[in-house]
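Engineer: target.tsv (TSV, C-alpha atoms) pasted underneath:
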chain	number	residue	atom	x	y	z
C	9	MET	CA	136.54	105.81	46.99
C	10	LYS	CA	136.20	107.33	43.45
C	11	LEU	CA	137.45	104.09	41.95
C	12	GLN	CA	134.85	102.17	43.98
C	13	ARG	CA	132.06	104.43	42.74
C	14	LYS	CA	133.30	104.05	39.15
C	15	ASN	CA	133.42	100.28	39.45
C	16	ARG	CA	129.99	100.20	41.02
C	17	LEU	CA	128.46	102.27	38.19
C	18	ARG	CA	130.16	100.01	35.66
C	19	ALA	CA	128.69	96.96	37.40
C	20	LEU	CA	125.27	98.50	37.39
C	21	SER	CA	125.49	99.25	33.68
C	22	LEU	CA	126.36	95.61	33.05
C	23	GLY	CA	123.42	94.48	35.15
C	24	ALA	CA	125.72	92.68	37.56
C	25	ILE	CA	124.03	93.74	40.74
C	26	ALA	CA	121.08	91.66	41.88
C	27	VAL	CA	119.23	92.20	45.09
C	28	THR	CA	117.07	89.25	46.03
C	29	GLY	CA	114.50	89.88	48.78
C	30	ALA	CA	115.18	91.11	52.26
C	31	LEU	CA	118.17	88.81	52.73
C	32	ALA	CA	120.28	90.80	50.26
C	33	LEU	CA	121.12	93.48	52.79
C	34	THR	CA	124.86	94.07	52.45
C	35	ALA	CA	127.25	96.92	52.86
C	36	CYS	CA	127.83	99.63	50.33
C	37	GLY	CA	131.40	100.69	49.70
C	38	SER	CA	130.63	104.38	50.17
C	39	ASP	CA	132.50	106.71	52.49
C	40	ASP	CA	129.86	106.61	55.22
C	41	THR	CA	130.27	102.92	56.06
C	42	GLY	CA	133.29	103.58	58.21
C	43	ASN	CA	134.83	100.26	57.12
C	44	GLY	CA	137.70	101.76	55.23
C	45	GLY	CA	136.17	100.77	51.93
C	46	LYS	CA	136.63	97.03	52.41
C	47	SER	CA	134.46	94.61	50.55
C	48	SER	CA	131.24	93.39	52.11
C	49	GLY	CA	132.46	89.82	51.69
C	50	ASN	CA	129.27	88.79	49.89
C	51	PRO	CA	130.35	86.10	47.44
C	52	SER	CA	127.85	87.34	44.84
C	53	GLY	CA	129.38	90.81	44.94
C	54	ALA	CA	125.90	92.28	45.48
C	55	THR	CA	125.53	95.58	47.31
C	56	ASN	CA	122.64	97.52	48.70
C	57	ALA	CA	122.12	101.22	48.19
C	58	SER	CA	121.32	101.73	51.89
C	59	SER	CA	124.66	100.93	53.49
C	60	ILE	CA	125.49	99.41	56.84
C	61	LYS	CA	127.42	102.08	58.72
C	62	CYS	CA	130.34	100.38	60.42
C	63	ASP	CA	131.73	103.58	62.00
C	64	ASN	CA	135.14	102.13	62.86
C	65	ALA	CA	133.61	99.04	64.43
C	66	LYS	CA	136.22	96.33	64.95
C	67	GLY	CA	137.09	93.26	66.96
C	68	GLN	CA	134.46	90.91	68.33
C	69	LEU	CA	131.34	91.09	70.49
C	70	LEU	CA	130.16	88.47	72.93
C	71	ALA	CA	126.41	88.38	73.56
C	72	ASP	CA	123.91	85.91	74.97
C	73	GLY	CA	120.25	85.66	75.91
C	74	SER	CA	116.89	85.06	74.29
C	75	SER	CA	116.76	81.94	72.14
C	76	ALA	CA	113.51	83.25	70.63
C	77	GLN	CA	115.43	85.89	68.68
C	78	LYS	CA	118.36	83.61	67.78
C	79	ASN	CA	117.25	83.12	64.17
C	80	ALA	CA	116.90	86.89	63.73
C	81	ILE	CA	120.29	87.57	65.32
C	82	ASP	CA	121.92	84.97	63.07
C	83	ALA	CA	120.52	86.66	59.95
C	84	TRP	CA	121.61	90.10	61.16
C	85	VAL	CA	125.09	88.92	62.17
C	86	LYS	CA	125.65	87.42	58.73
C	87	GLU	CA	124.99	90.75	57.01
C	88	PHE	CA	126.75	92.93	59.57
C	89	SER	CA	129.86	90.77	59.82
C	90	GLN	CA	130.24	90.66	56.05
C	91	ALA	CA	130.00	94.44	55.90
C	92	CYS	CA	132.15	95.37	58.87
C	93	GLY	CA	134.38	92.42	59.62
C	94	VAL	CA	133.21	92.27	63.23
C	95	GLN	CA	132.75	88.84	64.78
C	96	ILE	CA	129.61	88.55	66.92
C	97	ASN	CA	129.14	85.46	69.06
C	98	TYR	CA	125.51	85.28	70.23
C	99	LYS	CA	124.94	82.12	72.27
C	100	GLY	CA	121.13	82.18	72.60
C	101	GLY	CA	121.26	80.43	75.96
C	102	GLY	CA	118.00	81.94	77.22
C	103	SER	CA	116.92	85.29	78.60
C	104	GLY	CA	117.84	84.43	82.17
C	105	ALA	CA	121.39	83.47	81.22
C	106	GLY	CA	121.75	86.61	79.12
C	107	VAL	CA	120.70	89.02	81.84
C	108	THR	CA	122.87	87.27	84.44
C	109	SER	CA	125.96	87.35	82.23
C	110	PHE	CA	125.35	90.97	81.25
C	111	ASN	CA	125.13	92.02	84.88
C	112	GLN	CA	128.39	90.19	85.54
C	113	GLY	CA	130.10	92.33	82.92
C	114	GLN	CA	130.70	89.44	80.52
C	115	LEU	CA	128.69	90.70	77.52
C	116	ALA	CA	128.55	93.69	75.20
C	117	PHE	CA	124.77	93.30	75.11
C	118	ALA	CA	122.15	90.76	76.07
C	119	GLY	CA	118.85	89.66	74.60
C	120	SER	CA	115.79	89.16	76.79
C	121	ASP	CA	112.13	88.52	76.06
C	122	SER	CA	111.30	90.20	79.36
C	123	ALA	CA	112.25	93.71	80.44
C	124	LEU	CA	114.76	94.09	83.26
C	125	LYS	CA	113.29	93.75	86.73
C	126	PRO	CA	114.09	96.45	89.35
C	127	ASP	CA	116.73	94.29	91.05
C	128	GLU	CA	118.31	93.53	87.68
C	129	VAL	CA	118.46	97.24	86.89
C	130	THR	CA	120.20	97.84	90.22
C	131	ALA	CA	122.69	95.05	89.49
C	132	SER	CA	123.45	96.52	86.05
C	133	GLN	CA	124.67	99.75	87.61
C	134	LYS	CA	127.73	97.90	88.90
C	135	VAL	CA	128.90	97.20	85.34
C	136	CYS	CA	127.48	100.31	83.62
C	137	SER	CA	129.90	102.88	85.01
C	138	GLY	CA	127.86	106.01	85.70
C	139	GLY	CA	124.85	104.54	83.92
C	140	THR	CA	122.33	101.70	83.97
C	141	GLY	CA	121.08	98.83	81.87
C	142	ILE	CA	118.21	99.72	79.54
C	143	ASP	CA	115.75	97.76	77.39
C	144	LEU	CA	115.63	98.43	73.64
C	145	PRO	CA	112.71	96.61	71.93
C	146	MET	CA	114.09	95.13	68.72
C	147	VAL	CA	112.29	91.92	67.74
C	148	GLY	CA	108.59	91.17	67.80
C	149	GLY	CA	106.81	87.94	67.16
C	150	PRO	CA	104.11	85.47	68.10
C	151	ILE	CA	104.68	82.62	70.52
C	152	ALA	CA	103.29	79.75	68.52
C	153	LEU	CA	101.80	76.60	69.99
C	154	GLY	CA	103.06	73.82	67.77
C	155	TYR	CA	101.51	70.35	68.06
C	156	ASN	CA	101.97	66.84	66.73
C	157	VAL	CA	98.59	65.12	66.48
C	158	PRO	CA	98.15	62.93	63.38
C	159	GLY	CA	95.04	63.73	61.37
C	160	VAL	CA	94.36	67.07	63.10
C	161	ASP	CA	95.40	69.96	60.89
C	162	ASN	CA	93.28	72.83	62.17
C	163	LEU	CA	93.26	72.81	65.95
C	164	VAL	CA	91.56	75.61	67.89
C	165	LEU	CA	92.21	76.20	71.58
C	166	ASP	CA	91.31	78.97	74.00
C	167	ALA	CA	93.10	80.26	77.10
C	168	PRO	CA	91.35	77.95	79.61
C	169	THR	CA	92.11	74.78	77.63
C	170	ILE	CA	95.71	75.86	77.01
C	171	ALA	CA	96.21	76.55	80.72
C	172	GLN	CA	94.75	73.17	81.70
C	173	ILE	CA	96.85	71.33	79.12
C	174	PHE	CA	100.09	72.86	80.38
C	175	ASP	CA	99.05	72.36	84.01
C	176	SER	CA	98.39	68.65	83.42
C	177	LYS	CA	94.64	69.06	84.06
C	178	ILE	CA	93.71	68.07	80.49
C	179	THR	CA	95.79	65.02	79.60
C	180	ASN	CA	94.20	63.50	76.49
C	181	TRP	CA	93.55	64.92	73.02
C	182	ASN	CA	89.92	63.73	72.94
C	183	ASP	CA	89.07	65.60	76.15
C	184	PRO	CA	85.54	67.11	76.03
C	185	ALA	CA	86.90	70.66	76.38
C	186	ILE	CA	89.02	70.24	73.25
C	187	LYS	CA	86.16	68.50	71.41
C	188	LYS	CA	83.87	71.44	72.13
C	189	LEU	CA	86.27	73.84	70.43
C	190	ASN	CA	86.86	71.45	67.51
C	191	PRO	CA	83.51	69.75	66.77
C	192	SER	CA	84.47	68.61	63.26
C	193	ALA	CA	87.97	67.36	64.10
C	194	LYS	CA	88.77	63.67	64.51
C	195	LEU	CA	90.53	63.93	67.86
C	196	PRO	CA	92.36	60.70	68.75
C	197	ASP	CA	92.44	58.90	72.08
C	198	LEU	CA	96.03	60.01	72.57
C	199	LYS	CA	98.00	61.16	75.59
C	200	ILE	CA	99.11	64.80	75.58
C	201	GLN	CA	102.80	65.54	76.11
C	202	ALA	CA	103.19	69.23	76.93
C	203	PHE	CA	106.72	70.55	76.46
C	204	HIS	CA	108.05	73.59	78.33
C	205	ARG	CA	111.41	75.30	78.76
C	206	SER	CA	113.87	73.77	81.21
C	207	GLU	CA	115.85	76.96	81.83
C	208	ASP	CA	114.86	80.52	82.77
C	209	SER	CA	113.17	81.90	79.68
C	210	GLY	CA	111.56	85.14	78.61
C	211	THR	CA	109.38	83.09	76.26
C	212	THR	CA	108.04	81.24	79.30
C	213	ASP	CA	107.51	84.58	81.05
C	214	ASN	CA	105.44	85.96	78.16
C	215	PHE	CA	103.51	82.73	77.65
C	216	THR	CA	102.51	82.57	81.31
C	217	LYS	CA	101.70	86.30	81.36
C	218	TYR	CA	99.14	85.52	78.66
C	219	LEU	CA	97.62	82.74	80.77
C	220	LYS	CA	97.56	84.90	83.90
C	221	ALA	CA	95.92	87.78	82.04
C	222	THR	CA	93.27	85.74	80.27
C	223	THR	CA	92.41	82.82	82.56
C	224	PRO	CA	93.54	83.48	86.13
C	225	ASP	CA	91.12	80.87	87.48
C	226	ASN	CA	92.95	78.18	85.52
C	227	TRP	CA	96.49	79.52	85.93
C	228	LYS	CA	97.21	80.33	89.54
C	229	TYR	CA	101.00	80.52	89.34
C	230	SER	CA	102.90	83.74	89.97
C	231	GLY	CA	104.69	83.59	86.64
C	232	GLY	CA	108.20	84.62	85.65
C	233	LYS	CA	111.03	83.16	83.62
C	234	ALA	CA	111.09	79.84	85.47
C	235	TRP	CA	108.45	77.20	84.64
C	236	GLN	CA	106.22	76.60	87.68
C	237	ALA	CA	103.43	74.24	86.62
C	238	LYS	CA	103.50	70.56	87.46
C	239	GLY	CA	104.18	67.75	85.03
C	240	GLY	CA	105.01	68.06	81.38
C	241	GLN	CA	108.29	67.58	79.54
C	242	ALA	CA	111.22	70.00	79.83
C	243	ALA	CA	113.58	70.93	76.99
C	244	SER	CA	116.34	73.48	76.57
C	245	GLY	CA	115.75	76.51	74.39
C	246	SER	CA	113.06	77.18	71.83
C	247	ALA	CA	114.87	74.82	69.46
C	248	GLY	CA	114.77	72.05	72.07
C	249	VAL	CA	111.04	72.46	72.72
C	250	ALA	CA	110.30	72.50	68.98
C	251	GLN	CA	112.39	69.37	68.46
C	252	GLY	CA	110.56	67.65	71.31
C	253	VAL	CA	107.22	68.37	69.67
C	254	LYS	CA	108.38	67.14	66.27
C	255	GLN	CA	109.75	63.88	67.66
C	256	ASN	CA	106.84	62.91	69.94
C	257	THR	CA	103.35	62.02	68.76
C	258	GLY	CA	100.78	63.76	70.95
C	259	ALA	CA	103.14	66.59	71.87
C	260	ILE	CA	102.47	70.32	72.13
C	261	GLY	CA	104.86	73.13	73.03
C	262	TYR	CA	105.39	76.88	72.89
C	263	PHE	CA	108.12	78.68	70.97
C	264	GLU	CA	108.68	81.62	68.67
C	265	LEU	CA	107.11	81.22	65.23
C	266	SER	CA	110.44	80.88	63.40
C	267	TYR	CA	110.88	77.52	65.15
C	268	ALA	CA	107.52	76.23	63.89
C	269	LYS	CA	108.66	75.34	60.38
C	270	ASP	CA	107.18	72.08	59.07
C	271	MET	CA	104.79	72.01	62.02
C	272	THR	CA	101.08	72.67	62.52
C	273	THR	CA	100.18	75.47	64.93
C	274	VAL	CA	97.17	76.22	67.11
C	275	ALA	CA	94.64	78.93	66.25
C	276	ILE	CA	93.61	80.85	69.36
C	277	ASN	CA	89.97	81.57	70.17
C	278	THR	CA	90.30	85.07	71.67
C	279	GLY	CA	86.63	85.99	71.60
C	280	ALA	CA	87.00	87.69	68.23
C	281	LYS	CA	84.82	86.61	65.30
C	282	ALA	CA	87.38	84.07	64.12
C	283	PRO	CA	90.24	82.17	65.79
C	284	VAL	CA	93.64	83.72	65.12
C	285	LYS	CA	96.68	81.83	63.82
C	286	PRO	CA	100.21	82.99	64.68
C	287	SER	CA	101.81	85.08	61.93
C	288	THR	CA	103.94	88.19	61.64
C	289	ASP	CA	100.87	90.19	60.64
C	290	SER	CA	98.70	88.97	63.52
C	291	ALA	CA	101.53	89.61	66.00
C	292	THR	CA	102.12	93.09	64.59
C	293	ALA	CA	98.42	93.85	65.09
C	294	ASP	CA	98.86	93.13	68.80
C	295	ILE	CA	102.28	94.75	69.27
C	296	ALA	CA	101.06	97.94	67.58
C	297	ALA	CA	98.88	98.54	70.64
C	298	ALA	CA	101.83	98.22	73.05
C	299	LYS	CA	102.60	101.09	75.40
C	300	VAL	CA	106.06	102.32	76.39
C	301	VAL	CA	106.22	102.03	80.17
C	302	GLY	CA	109.96	102.41	80.71
C	303	THR	CA	111.40	105.53	82.30
C	304	GLY	CA	114.32	107.61	81.14
C	305	LYS	CA	116.04	105.95	78.20
C	306	ASP	CA	114.47	102.59	78.99
C	307	LEU	CA	111.89	101.60	76.36
C	308	SER	CA	110.24	98.56	77.91
C	309	LEU	CA	106.70	97.89	76.66
C	310	LYS	CA	103.39	96.69	78.04
C	311	LEU	CA	101.62	94.23	75.72
C	312	ASP	CA	97.91	93.48	75.58
C	313	TYR	CA	97.71	89.73	76.15
C	314	ALA	CA	93.93	89.82	76.55
C	315	THR	CA	93.22	91.45	73.19
C	316	LYS	CA	90.00	90.57	71.38
C	317	ALA	CA	90.77	92.70	68.35
C	318	GLU	CA	90.03	91.06	65.02
C	319	GLY	CA	93.13	89.46	63.55
C	320	ALA	CA	95.32	90.18	66.59
C	321	TYR	CA	97.25	87.21	67.95
C	322	PRO	CA	97.39	87.45	71.76
C	323	ILE	CA	100.47	85.38	72.70
C	324	THR	CA	103.20	87.72	71.55
C	325	LEU	CA	106.59	88.72	72.82
C	326	VAL	CA	109.03	91.54	72.26
C	327	THR	CA	112.71	90.80	72.64
C	328	TYR	CA	114.85	93.57	74.09
C	329	GLU	CA	118.51	94.18	73.48
C	330	ILE	CA	119.92	95.13	76.88
C	331	VAL	CA	122.82	97.56	76.93
C	332	CYS	CA	124.26	100.24	79.20
C	333	ASP	CA	122.99	103.73	78.47
C	334	LYS	CA	126.33	105.01	79.81
C	335	GLY	CA	129.51	103.25	80.86
C	336	ASN	CA	129.81	100.77	78.00
C	337	LYS	CA	133.30	99.34	77.56
C	338	ALA	CA	135.37	101.53	75.26
C	339	ASP	CA	136.72	98.61	73.24
C	340	THR	CA	133.27	97.25	72.35
C	341	LEU	CA	131.14	100.42	72.23
C	342	PRO	CA	131.76	101.31	68.54
C	343	ALA	CA	130.86	97.81	67.34
C	344	THR	CA	127.89	97.57	69.72
C	345	LYS	CA	126.43	100.86	68.52
C	346	ALA	CA	127.03	100.01	64.88
C	347	PHE	CA	125.33	96.62	65.20
C	348	LEU	CA	122.36	97.98	67.14
C	349	ARG	CA	122.06	100.86	64.67
C	350	TYR	CA	121.90	98.38	61.81
C	351	ILE	CA	119.33	96.03	63.35
C	352	ALA	CA	117.08	98.97	64.26
C	353	SER	CA	117.41	100.43	60.77
C	354	GLU	CA	114.80	100.07	58.07
C	355	ASP	CA	116.88	97.40	56.33
C	356	GLY	CA	117.48	95.52	59.57
C	357	GLN	CA	113.83	95.49	60.51
C	358	LYS	CA	112.82	94.39	57.00
C	359	LEU	CA	114.96	91.31	57.48
C	360	LEU	CA	112.67	90.23	60.34
C	361	THR	CA	109.60	89.53	58.22
C	362	SER	CA	111.49	87.11	55.96
C	363	ASN	CA	112.44	85.15	59.08
C	364	ASN	CA	108.93	84.96	60.61
C	365	TYR	CA	109.41	87.81	63.07
C	366	ALA	CA	107.43	91.02	63.43
C	367	PRO	CA	109.15	94.42	63.06
C	368	ILE	CA	108.87	96.90	65.90
C	369	PRO	CA	106.20	99.56	65.16
C	370	ALA	CA	107.72	102.68	63.56
C	371	GLU	CA	106.76	105.06	66.37
C	372	ILE	CA	108.55	102.93	68.97
C	373	ASN	CA	111.48	102.12	66.69
C	374	SER	CA	112.13	105.82	66.14
C	375	LYS	CA	112.76	106.18	69.87
C	376	VAL	CA	115.02	103.13	69.81
C	377	ARG	CA	117.18	104.66	67.07
C	378	THR	CA	117.51	107.94	68.94
C	379	THR	CA	118.52	106.11	72.12
C	380	ILE	CA	121.17	104.07	70.30
C	381	GLU	CA	122.85	107.22	69.00
C	382	GLY	CA	123.18	108.49	72.58
C	383	LEU	CA	124.86	105.37	74.00
C	384	SER	CA	128.23	106.11	75.56
Mind turning this structure into structure tokens?

Structural biologist:
Amino acid sequence: MKLQRKNRLRALSLGAIAVTGALALTACGSDDTGNGGKSSGNPSGATNASSIKCDNAKGQLLADGSSAQKNAIDAWVKEFSQACGVQINYKGGGSGAGVTSFNQGQLAFAGSDSALKPDEVTASQKVCSGGTGIDLPMVGGPIALGYNVPGVDNLVLDAPTIAQIFDSKITNWNDPAIKKLNPSAKLPDLKIQAFHRSEDSGTTDNFTKYLKATTPDNWKYSGGKAWQAKGGQAASGSAGVAQGVKQNTGAIGYFELSYAKDMTTVAINTGAKAPVKPSTDSATADIAAAKVVGTGKDLSLKLDYATKAEGAYPITLVTYEIVCDKGNKADTLPATKAFLRYIASEDGQKLLTSNNYAPIPAEINSKVRTTIEGLS
């Protein structure tokens, strides 16, 4: 350890350490990492003063769930695995698949864009020996509406038009309802292709919660993870929906903002002074008003989908990491706690903004960190 400190000081004096943005979050070789002093594995040799605490984490973790957070998980796994040598396989097969597999005892943790339902909590008690599954809010972000309409770069929609588009009631881009919201746009006589998720999805759940909350007269479905409206095009995962929009002229779809690269997105008319575009800042403005409604150690949140606050984007989601509060498997618990501790840390949350996600508000995140330390 002394030799490591000496070498690190020598490197600093030579100006060999460079930290570039939020993606340069790597492990420090100090005693408190719990990794036995092994190298972070970063090919540049860069380190970060705020270390990732491995705490004897070892082996591999299998996880699955929300595809909306997949890009965030991938960035976190890269840093954590380099620091601690733990292999984490996160499939990103959708929230429904994640919760199902978790409750079958197949995963160390799951990701879901919707909090556990009462029956899912009951099912979790069979695999959480002496405990129960809980929701830890970890990733925030806007659900963007990406579209592919040549010549239209600044499209504004409101809840009623969005609902009618995805319910196959508005089927052409020059529909009068869209023209009214975009009087200066050159809307083409072009068929709309609305893409939705083919599998159970927390992103679908949050998107339809927004429609139910803001325009119940135009969205009469009960909601949930499964898509219920008629018509449209189905695709697997957020990546599949985004790809469908990119490849089809006249298409529109919903997905987390990190999947909207190289794509134009809809500004939402919420009733505020100006339409709101999806961004980490506009999502944070909405998530900051969220209320913790979970009981016990569960930290599930209630979001305000009908917000009219200036600069607040209304179609947001929070992805939860689902884990047992008690009864976690002994062979995966150290690595699970270490990974969750890292992603909830200041460094872990900073990494979100560089990947088009919104950090969890500090007051809520403080409770998440405390809960993680008590996992057993």

Engineer: Of the candidates C:Lys125, C:Lys285, C:Lys61, C:Lys220, which shows the shortest atom-to-atom distance to Ala314 in chain C, using all atoms listed in the file?

Structural biologist: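 Residue with the minimum atom-to-atom distance to Ala314 in chain C: C:Lys220.
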
Engineer: Can you list, as a list in words, every protein, DNA or RNA residue that comes within 6 Å of range 131-141 of chain C when you count only C-alpha atoms, leaving out same-chain residues fewer than 3 positions away?

Structural biologist: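 Answer for this query is Asn111, Gly113, Glu128, Val331, Cys332, Asp333, Lys334 and Gly335 of chain C.
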
Engineer: Neighbouring residues of Ser287 in chain C were defined as those with any atom within 8 Å, considering all atoms listed in the file; residues of the same chain fewer than 5 positions away were excluded. Please report them as a list of chain:residue names.

Structural biologist: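 Listed by chain and then number, they are C:Gly149, C:Pro150, C:Leu265, C:Tyr321, C:Asn364.
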
Engineer: Restricting the calculation to only C-alpha atoms: of C:Ala346, C:Leu383, C:Val376, C:Ala80, which residue gets closest to Cys92 in chain C?

Structural biologist: C:Ala346

Engineer: Which value, in Å to one decimal, gives the distance between CA of Leu165 in chain C and CA of Asn190 in chain C?

Structural biologist: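 Between these atoms lies a distance of 8.2 Å.
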
Engineer: So, with all atoms listed in the file as the atoms that count, which of C:Ile151, C:Leu195, C:Ile81, C:Ala91 lies closest to Thr212 in chain C?

Structural biologist: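 Closest to Thr212 in chain C of all the choices is C:Ile151.
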
Engineer: Counting all atoms listed in the file, figure out which residue out of C:Ala76, C:Ala116, C:Leu309, C:Ala320 gets nearest to Ala250 in chain C.

Structural biologist: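 Smallest distance to Ala250 in chain C is found for C:Ala76.
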
Engineer: Grab the CA of Ile330 in chain C to CA of Asp143 in chain C distance for me, in Å with one decimal place.

Structural biologist: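 The value is 5.0 Å.
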
Engineer: Provide the CA of Leu163 in chain C to CA of Ile276 in chain C distance in Å, to one decimal place.

Structural biologist: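 These two atoms are separated by 8.7 Å.
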
Engineer: Give me the residues within 8 Å of Thr169 in chain C as a list of chain:residue names, counting all atoms listed in the file and dropping any in the same chain fewer than 3 places off.

Structural biologist: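 My reading of the contact set: C:Leu165, C:Asp166, C:Gln172, C:Ile173, C:Ile178, C:Ala185, C:Ile186.
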
Engineer: Would you output that residue set with C-alpha atoms, as a PDB file, in the coordinates of the input?

Structural biologist:
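What follows is the written file selection.pdb:
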ATOM      1  CA  LEU C 165      92.210  76.200  71.580  1.00  0.00           C
ATOM      2  CA  ASP C 166      91.310  78.970  74.000  1.00  0.00           C
ATOM      3  CA  GLN C 172      94.750  73.170  81.700  1.00  0.00           C
ATOM      4  CA  ILE C 173      96.850  71.330  79.120  1.00  0.00           C
ATOM      5  CA  ILE C 178      93.710  68.070  80.490  1.00  0.00           C
ATOM      6  CA  ALA C 185      86.900  70.660  76.380  1.00  0.00           C
ATOM      7  CA  ILE C 186      89.020  70.240  73.250  1.00  0.00           C
TER       8      ILE C 186
END

Engineer: Which is closer to Pro158 in chain C than all the others in C:Gln114, C:Gln90, C:Asn180, C:Thr257, using only C-alpha atoms?

Structural biologist: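 Looking only at the distances to Pro158 in chain C, the closest residue turns out to be C:Thr257.
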